[in-house]
Amino acid sequence: MKNILLLSTLFFLLAPAYGQVLVTFRIDIEDLIAAGLLSPADSNKVFVRGSFNNWRGTAHELKRLPEQRIYQGTFDLNKEAGDTISYKFVIEKKQGHFFWERNPDPTNPGNGNRQFTLEKEKMVLPIAHFRYDEYFIYPVVFSKQKLQEDFRQFRQILETTHPALYDYTTKEVLDSLFDLSYSRIDTALDFRTFLMLMTEVISQVGCGHSSLWIPNAYWNVAPERLFPLKLQAAEGKTYVTGSYDNKEEIPIGSELLIINQMPISALINQLAALTSADGFNHSYRLTKATQNFAIKYAHAYGFQDTFQIEYLVPGKRQKQVAFLQPVSKEAVDKSKTKHTELSFKEIEGTNAGVLTINTFGYYSRVGMFRSFVDSVFQVIEKNAIGNLILDLRGNGGGDPFCSSYLWAYLEPEPVPYFEDHYGKYDTLANPVPQPAFPYQGKLFTLIDGNGFSTTGHFCGLLKYHQVGKFIGTEIGATYTCTGNATYPPLKHTRIMVGTARVRRYTAAVKNMDPKRGIIPDYPVELTQQDIIDGRDAVLEYALKLAGATD
């Protein structure tokens with residue numbers, strides 16, 4: 001019993017000695033009501049978040065007082081007298097979105113947090129007013145002055161940071177595009193219109209690593225009424241491959257013809273032209289315009305209450321008309337979540353195997369990637385596998401330390417990976433040492449328009465040294481690209497301007513077209529019937545070439 005009392009006393013002495021100091025937070029939302037941004041009748045909630053609750057949660061909720069415009073809450077913050085408390089007010093609107101104050105104390109560096117020093121006795125803080133910006137209600141509209149300032153910053157970022165700004169478009173042409181877009185900011189504009197003005201410029205740089213990124217604050221207020229169908233370009237047409245809401249209103253394999261009175265071909269071509277791509281690679285642009293159609297359409301044409309489409313059901317000649325309900329961005333993002341695949345499968349009864357690598361982006365796990373590659377080629381050597389199918393479809397690039405390690409097993413002799421010395425990849429300008437047992441069999445590489453960046457370097461080396469055959473569609477990358485992108489936000493709209501900082505990462509090849517991806521030796525494009533049947537015609541073709549099927 002004495003031991004228990006002793007331990008209890010010791011624990012009490014060592015525990016933090018927080019005195020109970022009650023703090024009353026108060027905020028006046030009259031400004032928001034006057035601006036029509038909130039209504040007392042709405043079921044809005046107000047919280048305070050700060051250093052005392054790790055800037056999260058809903059435990060510290062303020063309650064509305066009878067006069068309805070004042071919210072108040074009194075809390076024990078479990079902190080000591082003398083502690084500095086940082087905080088902000090957060091409003092949860094009725095649709096479940098949280099809106100943080102924007103820079104409520106401009107004199108406080110960083111995020112402009114409110115601050116006070118905790119006293120020894122009960123504190124009642126002065127009534128505050130919620131500091132908000134344009135990202136509080138849709139449509140998001142910015143003043144002419146703010147947009148002009150942001151556009152000048154956008155231009156300065158590209159002109160002072162991008163190392164190869166005029167490689168594909170002359171300075172004269174880009175200057176005229178900058179000037180034209182700027183001249184169109186002659187009044188207040190909504191977010192989408194301003195985004196398109198900048199997109200029309202940055203997409204003409206010819207750099208896939210330079211594009212615009214949307215701040216989360218925009219999606220917090222945007223109605224998220226997005227096109228509900230998944231699309232696939234094939235045979236020069238656009239086919240339906242499913243829906244983001246898992247409804248089966250439109251049969252898979254249906255040919256899409258018109259959306260809200262506009263031909264799908266014109267829509268796809270316009271969205272493709274607004275897609276940043278290395279050397280204006282058409283395969284990459286077309287692939288991204290189709291796969292990301294829901295988001296790109298919303299940026300270009302706005303959010304729609306409904307989508308009237310015309311389409312052809314497979315095997316029918318009579319046009320069908322349907323009215324589709326939009327879906328949320330969450331539904332689109334969930335469906336498009338990419339799962340990395342690093343796998344090897346032997347084809348039973350043959351001497352063929354399929355190595356699937358849909359990303360080289362193992363920057364922090366290069367060792368793991370290399371161990372995997374070693375294990376695969378040990379199996380290939382042990383089992384005398386003479387036909388290797390390398391599936392790089394969907395591979396958007398990644399770490400050259402990964403791709404060059406794979407290259408070491410496939411190169412005909414030790415050759416450089418890069419044509420020059422590039423910073424931390426300096427050693428890759430030297431001949432890449434081969435492993436003890438390099439691969440000596442046949443290679444069939446599967447490619448598509450999603451291939452980008454490092455994947456372009458790797459495939460450029462395969463093509464230049466005539467290692468194996470390519471199957472599929474033109475890769476979306478070239479043998480050269482910029483890199484090491486940075487994403488500074490614009491001051492007012494907070495749109496992030498992705499721009500490269502390294503002039504060129506170029507594979508050690510010669511006499512290749514910097515505006516074209518690798519053209520497959522065996523072009524294989526999905527057909528409407530392949531989409532309907534869910535067939536992987538590209539892999540099937542490769543298996544046939546490898547002698548793994550009849």
# chains A, B, ... in the order shown; residues from 1 in each chain; ligands from 1
>>> residues_around(residues="A:Asn395", least_positions_apart="2", cutoff="12 Å", atoms="only C-alpha atoms", output="MDAnalysis selection string")
chainID A and resid 284 338:342 356:361 390:393 397:399 403 446:456 458:459 475:477
>>> residues_around(residues="stretch 68-80 of chain A", least_positions_apart="3", cutoff="10 Å", atoms="only C-alpha atoms", output="VMD selection string")
chain A and resid 16 to 33 39 to 41 45 to 48 50 to 53 59 to 65 83 to 85 117 to 120 122 to 124 127 to 129
>>> write_last_selection(atoms="C-alpha atoms", output="PDB file, in the first residue's frame")
ATOM      1  CA  PRO A  16       2.411  18.938 -15.934  1.00  0.00           C
ATOM      2  CA  ALA A  17       1.060  21.541 -13.546  1.00  0.00           C
ATOM      3  CA  TYR A  18      -1.588  23.117 -15.758  1.00  0.00           C
ATOM      4  CA  GLY A  19      -3.774  25.552 -13.888  1.00  0.00           C
ATOM      5  CA  GLN A  20      -7.382  25.847 -14.987  1.00  0.00           C
ATOM      6  CA  VAL A  21      -7.532  29.126 -16.858  1.00  0.00           C
ATOM      7  CA  LEU A  22     -10.821  29.615 -18.691  1.00  0.00           C
ATOM      8  CA  VAL A  23     -10.607  31.575 -21.930  1.00  0.00           C
ATOM      9  CA  THR A  24     -13.665  33.017 -23.670  1.00  0.00           C
ATOM     10  CA  PHE A  25     -13.450  33.365 -27.462  1.00  0.00           C
ATOM     11  CA  ARG A  26     -15.939  35.614 -29.259  1.00  0.00           C
ATOM     12  CA  ILE A  27     -16.480  36.348 -32.934  1.00  0.00           C
ATOM     13  CA  ASP A  28     -18.897  38.638 -34.767  1.00  0.00           C
ATOM     14  CA  ILE A  29     -20.115  37.352 -38.166  1.00  0.00           C
ATOM     15  CA  GLU A  30     -22.065  40.520 -39.024  1.00  0.00           C
ATOM     16  CA  ASP A  31     -19.674  41.263 -41.910  1.00  0.00           C
ATOM     17  CA  LEU A  32     -20.363  37.850 -43.423  1.00  0.00           C
ATOM     18  CA  ILE A  33     -24.116  38.302 -43.061  1.00  0.00           C
ATOM     19  CA  SER A  39     -27.281  33.596 -42.951  1.00  0.00           C
ATOM     20  CA  PRO A  40     -28.174  33.256 -39.259  1.00  0.00           C
ATOM     21  CA  ALA A  41     -30.894  30.826 -40.351  1.00  0.00           C
ATOM     22  CA  LYS A  45     -20.918  26.100 -36.932  1.00  0.00           C
ATOM     23  CA  VAL A  46     -17.949  28.078 -35.635  1.00  0.00           C
ATOM     24  CA  PHE A  47     -14.864  26.512 -34.059  1.00  0.00           C
ATOM     25  CA  VAL A  48     -11.583  27.776 -32.711  1.00  0.00           C
ATOM     26  CA  GLY A  50      -4.929  26.530 -32.538  1.00  0.00           C
ATOM     27  CA  SER A  51      -1.762  25.474 -30.791  1.00  0.00           C
ATOM     28  CA  PHE A  52      -3.817  24.135 -27.872  1.00  0.00           C
ATOM     29  CA  ASN A  53      -5.636  21.482 -29.954  1.00  0.00           C
ATOM     30  CA  ALA A  59     -14.138  19.991 -29.636  1.00  0.00           C
ATOM     31  CA  HIS A  60     -13.851  23.767 -29.233  1.00  0.00           C
ATOM     32  CA  GLU A  61     -17.145  24.880 -30.760  1.00  0.00           C
ATOM     33  CA  LEU A  62     -18.514  28.370 -30.197  1.00  0.00           C
ATOM     34  CA  LYS A  63     -22.254  28.736 -29.683  1.00  0.00           C
ATOM     35  CA  ARG A  64     -24.441  31.419 -31.176  1.00  0.00           C
ATOM     36  CA  LEU A  65     -25.769  33.983 -28.692  1.00  0.00           C
ATOM     37  CA  ASP A  83       2.176  30.421 -22.656  1.00  0.00           C
ATOM     38  CA  THR A  84       1.661  32.027 -26.072  1.00  0.00           C
ATOM     39  CA  ILE A  85      -1.527  30.753 -27.695  1.00  0.00           C
ATOM     40  CA  THR A 117      -0.491  35.286 -23.812  1.00  0.00           C
ATOM     41  CA  LEU A 118      -2.332  33.153 -21.305  1.00  0.00           C
ATOM     42  CA  GLU A 119      -2.878  34.892 -17.965  1.00  0.00           C
ATOM     43  CA  LYS A 120      -3.339  33.363 -14.527  1.00  0.00           C
ATOM     44  CA  LYS A 122     -10.052  33.913 -16.459  1.00  0.00           C
ATOM     45  CA  MET A 123      -9.692  35.715 -19.775  1.00  0.00           C
ATOM     46  CA  VAL A 124     -12.345  37.183 -22.063  1.00  0.00           C
ATOM     47  CA  ILE A 127     -14.803  40.328 -30.020  1.00  0.00           C
ATOM     48  CA  ALA A 128     -13.136  39.404 -33.289  1.00  0.00           C
ATOM     49  CA  HIS A 129     -14.339  39.650 -36.878  1.00  0.00           C
TER      50      HIS A 129
END
>>> residues_around(residues="A:Thr290", least_positions_apart="3", cutoff="8 Å", atoms="only C-alpha atoms", output="short mmCIF file (atom, residue, chain, number, x, y, z; two decimals) with N, CA and C atoms, in the first residue's frame")
data_model
loop_
_atom_site.label_atom_id
_atom_site.label_comp_id
_atom_site.auth_asym_id
_atom_site.auth_seq_id
_atom_site.Cartn_x
_atom_site.Cartn_y
_atom_site.Cartn_z
N LEU A 231 -13.84 8.08 -69.87
CA LEU A 231 -13.71 8.05 -71.32
C LEU A 231 -12.38 7.42 -71.75
N GLN A 232 -12.37 6.92 -72.97
CA GLN A 232 -11.18 6.32 -73.57
C GLN A 232 -11.13 6.69 -75.03
N ALA A 233 -10.00 7.24 -75.47
CA ALA A 233 -9.82 7.55 -76.89
C ALA A 233 -9.32 6.31 -77.60
N ILE A 268 -12.46 17.49 -77.02
CA ILE A 268 -11.20 16.80 -76.73
C ILE A 268 -10.02 17.53 -77.35
N LEU A 286 -3.53 14.04 -75.80
CA LEU A 286 -4.80 13.35 -76.06
C LEU A 286 -5.16 12.43 -74.90
N THR A 287 -4.16 11.71 -74.41
CA THR A 287 -4.40 10.79 -73.30
C THR A 287 -4.89 11.52 -72.06
N PHE A 293 -10.87 14.19 -68.33
CA PHE A 293 -11.88 15.01 -68.99
C PHE A 293 -12.79 15.72 -68.00
#
>>> select_by_dssp(residues="stretch 79-138 of chain A", states="strand (DSSP E or B)", output="PyMOL selection string")
chain A and resi 84-92+98-100+114-117+123-124+128-129
>>> write_last_selection(atoms="N, CA and C atoms", output="short mmCIF file (atom, residue, chain, number, x, y, z; two decimals), in the first residue's frame")
data_model
loop_
_atom_site.label_atom_id
_atom_site.label_comp_id
_atom_site.auth_asym_id
_atom_site.auth_seq_id
_atom_site.Cartn_x
_atom_site.Cartn_y
_atom_site.Cartn_z
N THR A 84 2.21 31.31 -24.92
CA THR A 84 1.66 32.03 -26.07
C THR A 84 0.71 31.10 -26.82
N ILE A 85 -0.50 31.54 -27.02
CA ILE A 85 -1.53 30.75 -27.70
C ILE A 85 -1.76 31.33 -29.09
N SER A 86 -1.61 30.48 -30.10
CA SER A 86 -1.91 30.88 -31.48
C SER A 86 -3.23 30.22 -31.88
N TYR A 87 -4.04 30.93 -32.67
CA TYR A 87 -5.35 30.35 -33.03
C TYR A 87 -5.95 31.06 -34.24
N LYS A 88 -6.95 30.40 -34.79
CA LYS A 88 -7.79 30.99 -35.83
C LYS A 88 -9.21 30.47 -35.65
N PHE A 89 -10.15 31.22 -36.17
CA PHE A 89 -11.53 30.76 -36.20
C PHE A 89 -11.79 30.00 -37.49
N VAL A 90 -12.64 28.99 -37.39
CA VAL A 90 -12.98 28.14 -38.53
C VAL A 90 -14.49 28.02 -38.60
N ILE A 91 -15.06 28.23 -39.77
CA ILE A 91 -16.51 28.11 -39.95
C ILE A 91 -16.81 26.87 -40.77
N GLU A 92 -17.73 26.06 -40.27
CA GLU A 92 -18.22 24.92 -41.04
C GLU A 92 -19.59 25.30 -41.61
N PHE A 98 -15.12 23.21 -44.38
CA PHE A 98 -14.54 24.07 -43.36
C PHE A 98 -13.80 25.24 -44.01
N PHE A 99 -14.02 26.43 -43.47
CA PHE A 99 -13.42 27.64 -44.00
C PHE A 99 -12.59 28.30 -42.89
N TRP A 100 -11.30 28.36 -43.14
CA TRP A 100 -10.38 28.98 -42.18
C TRP A 100 -10.28 30.48 -42.44
N ARG A 114 -3.80 34.55 -35.12
CA ARG A 114 -4.09 35.38 -33.95
C ARG A 114 -3.27 34.84 -32.78
N GLN A 115 -2.90 35.70 -31.85
CA GLN A 115 -2.11 35.26 -30.71
C GLN A 115 -2.48 36.03 -29.44
N PHE A 116 -2.30 35.38 -28.28
CA PHE A 116 -2.40 36.07 -27.00
C PHE A 116 -1.57 35.28 -25.98
N THR A 117 -1.23 35.93 -24.89
CA THR A 117 -0.49 35.29 -23.81
C THR A 117 -1.46 34.91 -22.70
N MET A 123 -9.90 34.71 -18.73
CA MET A 123 -9.69 35.72 -19.78
C MET A 123 -10.92 35.77 -20.69
N VAL A 124 -11.29 36.97 -21.07
CA VAL A 124 -12.34 37.18 -22.06
C VAL A 124 -11.72 37.98 -23.19
N ALA A 128 -13.89 39.40 -32.03
CA ALA A 128 -13.14 39.40 -33.29
C ALA A 128 -14.10 39.40 -34.47
N HIS A 129 -13.59 39.74 -35.63
CA HIS A 129 -14.34 39.65 -36.88
C HIS A 129 -13.64 38.64 -37.78
#
>>> residues_around(residues="A:Thr493", least_positions_apart="2", cutoff="9 Å", atoms="only C-alpha atoms", output="short mmCIF file (atom, residue, chain, number, x, y, z; two decimals) with C-alpha atoms, in the first residue's frame")
data_model
loop_
_atom_site.label_atom_id
_atom_site.label_comp_id
_atom_site.auth_asym_id
_atom_site.auth_seq_id
_atom_site.Cartn_x
_atom_site.Cartn_y
_atom_site.Cartn_z
CA GLU A 134 -12.50 35.38 -52.06
CA TYR A 135 -12.50 31.62 -51.39
CA PHE A 142 -11.14 38.52 -57.79
CA LYS A 146 -5.43 41.47 -57.75
CA LEU A 147 -5.60 39.47 -60.98
CA ASP A 150 -1.03 37.74 -59.97
CA PHE A 191 -11.36 32.10 -60.91
CA PRO A 215 -5.49 25.47 -54.54
CA PRO A 489 1.77 30.14 -55.28
CA LEU A 490 0.44 33.37 -56.70
CA LYS A 491 -0.18 36.03 -54.06
CA ILE A 495 -2.76 29.13 -57.94
CA MET A 496 0.54 27.26 -57.93
#
>>> residues_around(residues="A:Ile385", least_positions_apart="5", cutoff="7 Å", atoms="only C-alpha atoms", output="list in words")
Asn351, Ala352, Gly353 and Ile380 of chain A
>>> closest_residue(among="A:Pro416, A:Gly302, A:Pro326, A:Pro523", to="A:Leu195", atoms="only C-alpha atoms")
A:Gly302
>>> closest_residue(among="A:His299, A:His162, A:Lys382, A:Arg56", to="A:Leu226", atoms="only C-alpha atoms")
A:His299
>>> decode(residues="stretch 187-243 of chain A", atoms="C-alpha atoms", output="compact mmCIF listing (two decimals), in the first residue's frame")
# COMPACT_ATOMS: atom_id res chain seq x y z
CA THR A 187 -12.37 43.93 -65.10
CA ALA A 188 -12.96 41.63 -62.16
CA LEU A 189 -12.96 38.00 -63.29
CA ASP A 190 -13.97 34.69 -61.80
CA PHE A 191 -11.36 32.10 -60.91
CA ARG A 192 -12.05 29.85 -63.89
CA THR A 193 -11.70 32.61 -66.48
CA PHE A 194 -8.39 33.74 -64.98
CA LEU A 195 -7.13 30.16 -64.83
CA MET A 196 -7.86 29.71 -68.53
CA LEU A 197 -6.00 32.93 -69.41
CA MET A 198 -2.85 31.57 -67.82
CA THR A 199 -3.39 28.04 -69.15
CA GLU A 200 -3.48 29.37 -72.71
CA VAL A 201 0.04 30.70 -72.13
CA ILE A 202 1.74 27.97 -70.11
CA SER A 203 0.47 25.19 -72.39
CA GLN A 204 2.42 26.80 -75.24
CA VAL A 205 5.79 26.47 -73.51
CA GLY A 206 6.11 22.85 -74.59
CA CYS A 207 7.12 21.64 -71.13
CA GLY A 208 5.21 18.86 -69.40
CA HIS A 209 6.73 19.82 -66.05
CA SER A 210 5.24 23.32 -66.24
CA SER A 211 1.55 23.58 -65.46
CA LEU A 212 -0.93 25.18 -63.07
CA TRP A 213 -2.14 23.60 -59.84
CA ILE A 214 -5.47 24.49 -58.24
CA PRO A 215 -5.49 25.47 -54.54
CA ASN A 216 -7.61 23.32 -52.23
CA ALA A 217 -9.43 26.46 -51.14
CA TYR A 218 -11.12 26.58 -54.56
CA TRP A 219 -12.46 23.06 -54.33
CA ASN A 220 -13.73 23.89 -50.86
CA VAL A 221 -16.33 26.22 -52.38
CA ALA A 222 -16.70 24.96 -55.95
CA PRO A 223 -19.99 23.14 -56.52
CA GLU A 224 -18.12 20.08 -57.80
CA ARG A 225 -20.61 19.30 -60.51
CA LEU A 226 -18.37 17.21 -62.75
CA PHE A 227 -18.97 15.10 -65.84
CA PRO A 228 -19.85 11.58 -64.62
CA LEU A 229 -18.49 9.31 -67.37
CA LYS A 230 -15.04 7.76 -67.78
CA LEU A 231 -13.71 8.05 -71.32
CA GLN A 232 -11.18 6.32 -73.57
CA ALA A 233 -9.82 7.55 -76.89
CA ALA A 234 -9.53 4.80 -79.47
CA GLU A 235 -9.82 4.47 -83.24
CA GLY A 236 -10.10 8.24 -83.51
CA LYS A 237 -13.28 8.20 -81.42
CA THR A 238 -14.24 8.60 -77.79
CA TYR A 239 -15.78 5.67 -75.96
CA VAL A 240 -17.41 5.29 -72.55
CA THR A 241 -15.56 2.93 -70.20
CA GLY A 242 -17.68 3.43 -67.07
CA SER A 243 -18.93 6.08 -64.67
